[in-house]
Amino acid sequence: QVHLLESGGGAVEAGGSLRLSCTSSGSNLRLNPMGWYRQAPGKERELVADIWADGRINYRESVKGRFTIARGNGKNTLFLQMNNLKPEDTAVYYCNGQWSVHNYWGPGTQVTVSS
């Protein structure tokens, strides 16, 4: 079992920046891919960005050029640098990791962007 935990959320004004972190505990499985998802009130959870062991990175169109995903040196450590934040980025952000058919999620961290 892998436990993921996000940190770094908060409240910022439009144009500001935040850096989200995700750390893991429990099993030493190397999760692949890992990614960030978000869910705004009344909306479905959506992929923000993911990163694969072979180097592939995917970004949601609306965050391209503003967000950067990266894996850390620690096993199953993940970051999301978010710049030029917009009110529409307001959501709970979740860290996700996959291994075989298993999907692991963190409890989420709130990001609120005011105009």
# chains A, B, ... in the order shown; residues from 1 in each chain; ligands from 1
call {"tool": "residues_around", "arguments": {"residues": "Gln98 of chain A", "least_positions_apart": "5", "cutoff": "12 Å", "atoms": "only C-alpha atoms", "output": "ChimeraX atom specification"}}
result
/A:1-4,29-36,50-53,76,103-105
call {"tool": "closest_residue", "arguments": {"among": "A:Leu5, A:Ala40, A:Leu20, A:Val113", "to": "Pro87 of chain A", "atoms": "only C-alpha atoms"}}
result
A:Val113
call {"tool": "atom_distance", "arguments": {"atom1": "atom CA of Val111 of chain A", "atom2": "atom CA of Leu85 of chain A"}}
result
9.8 Å
call {"tool": "select_by_dssp", "arguments": {"residues": "segment 46-105 of chain A", "states": "strand (DSSP E)", "output": "PyMOL selection string"}}
result
chain A and resi 46-51+57-59+67-71+78-82+91-99+102-105
call {"tool": "closest_residue", "arguments": {"among": "A:Arg19, A:Val101, A:Val92, A:Asn28", "to": "Gly42 of chain A", "atoms": "only C-alpha atoms"}}
result
A:Val92
call {"tool": "atom_distance", "arguments": {"atom1": "atom CA of Trp99 of chain A", "atom2": "atom CA of Gly26 of chain A"}}
result
13.7 Å
call {"tool": "residues_around", "arguments": {"residues": "Gly16 of chain A", "least_positions_apart": "4", "cutoff": "10 Å", "atoms": "only C-alpha atoms", "output": "JSON, numbers by chain"}}
result
{"A": [11, 12, 82, 83, 84, 85, 86, 113, 114]}
call {"tool": "atom_distance", "arguments": {"atom1": "atom CA of Glu61 of chain A", "atom2": "atom CA of Gly15 of chain A"}}
result
17.9 Å
call {"tool": "residues_around", "arguments": {"residues": "Gly72 of chain A", "least_positions_apart": "3", "cutoff": "12 Å", "atoms": "only C-alpha atoms", "output": "PyMOL selection string"}}
result
chain A and resi 20-24+34+51+69+75-80
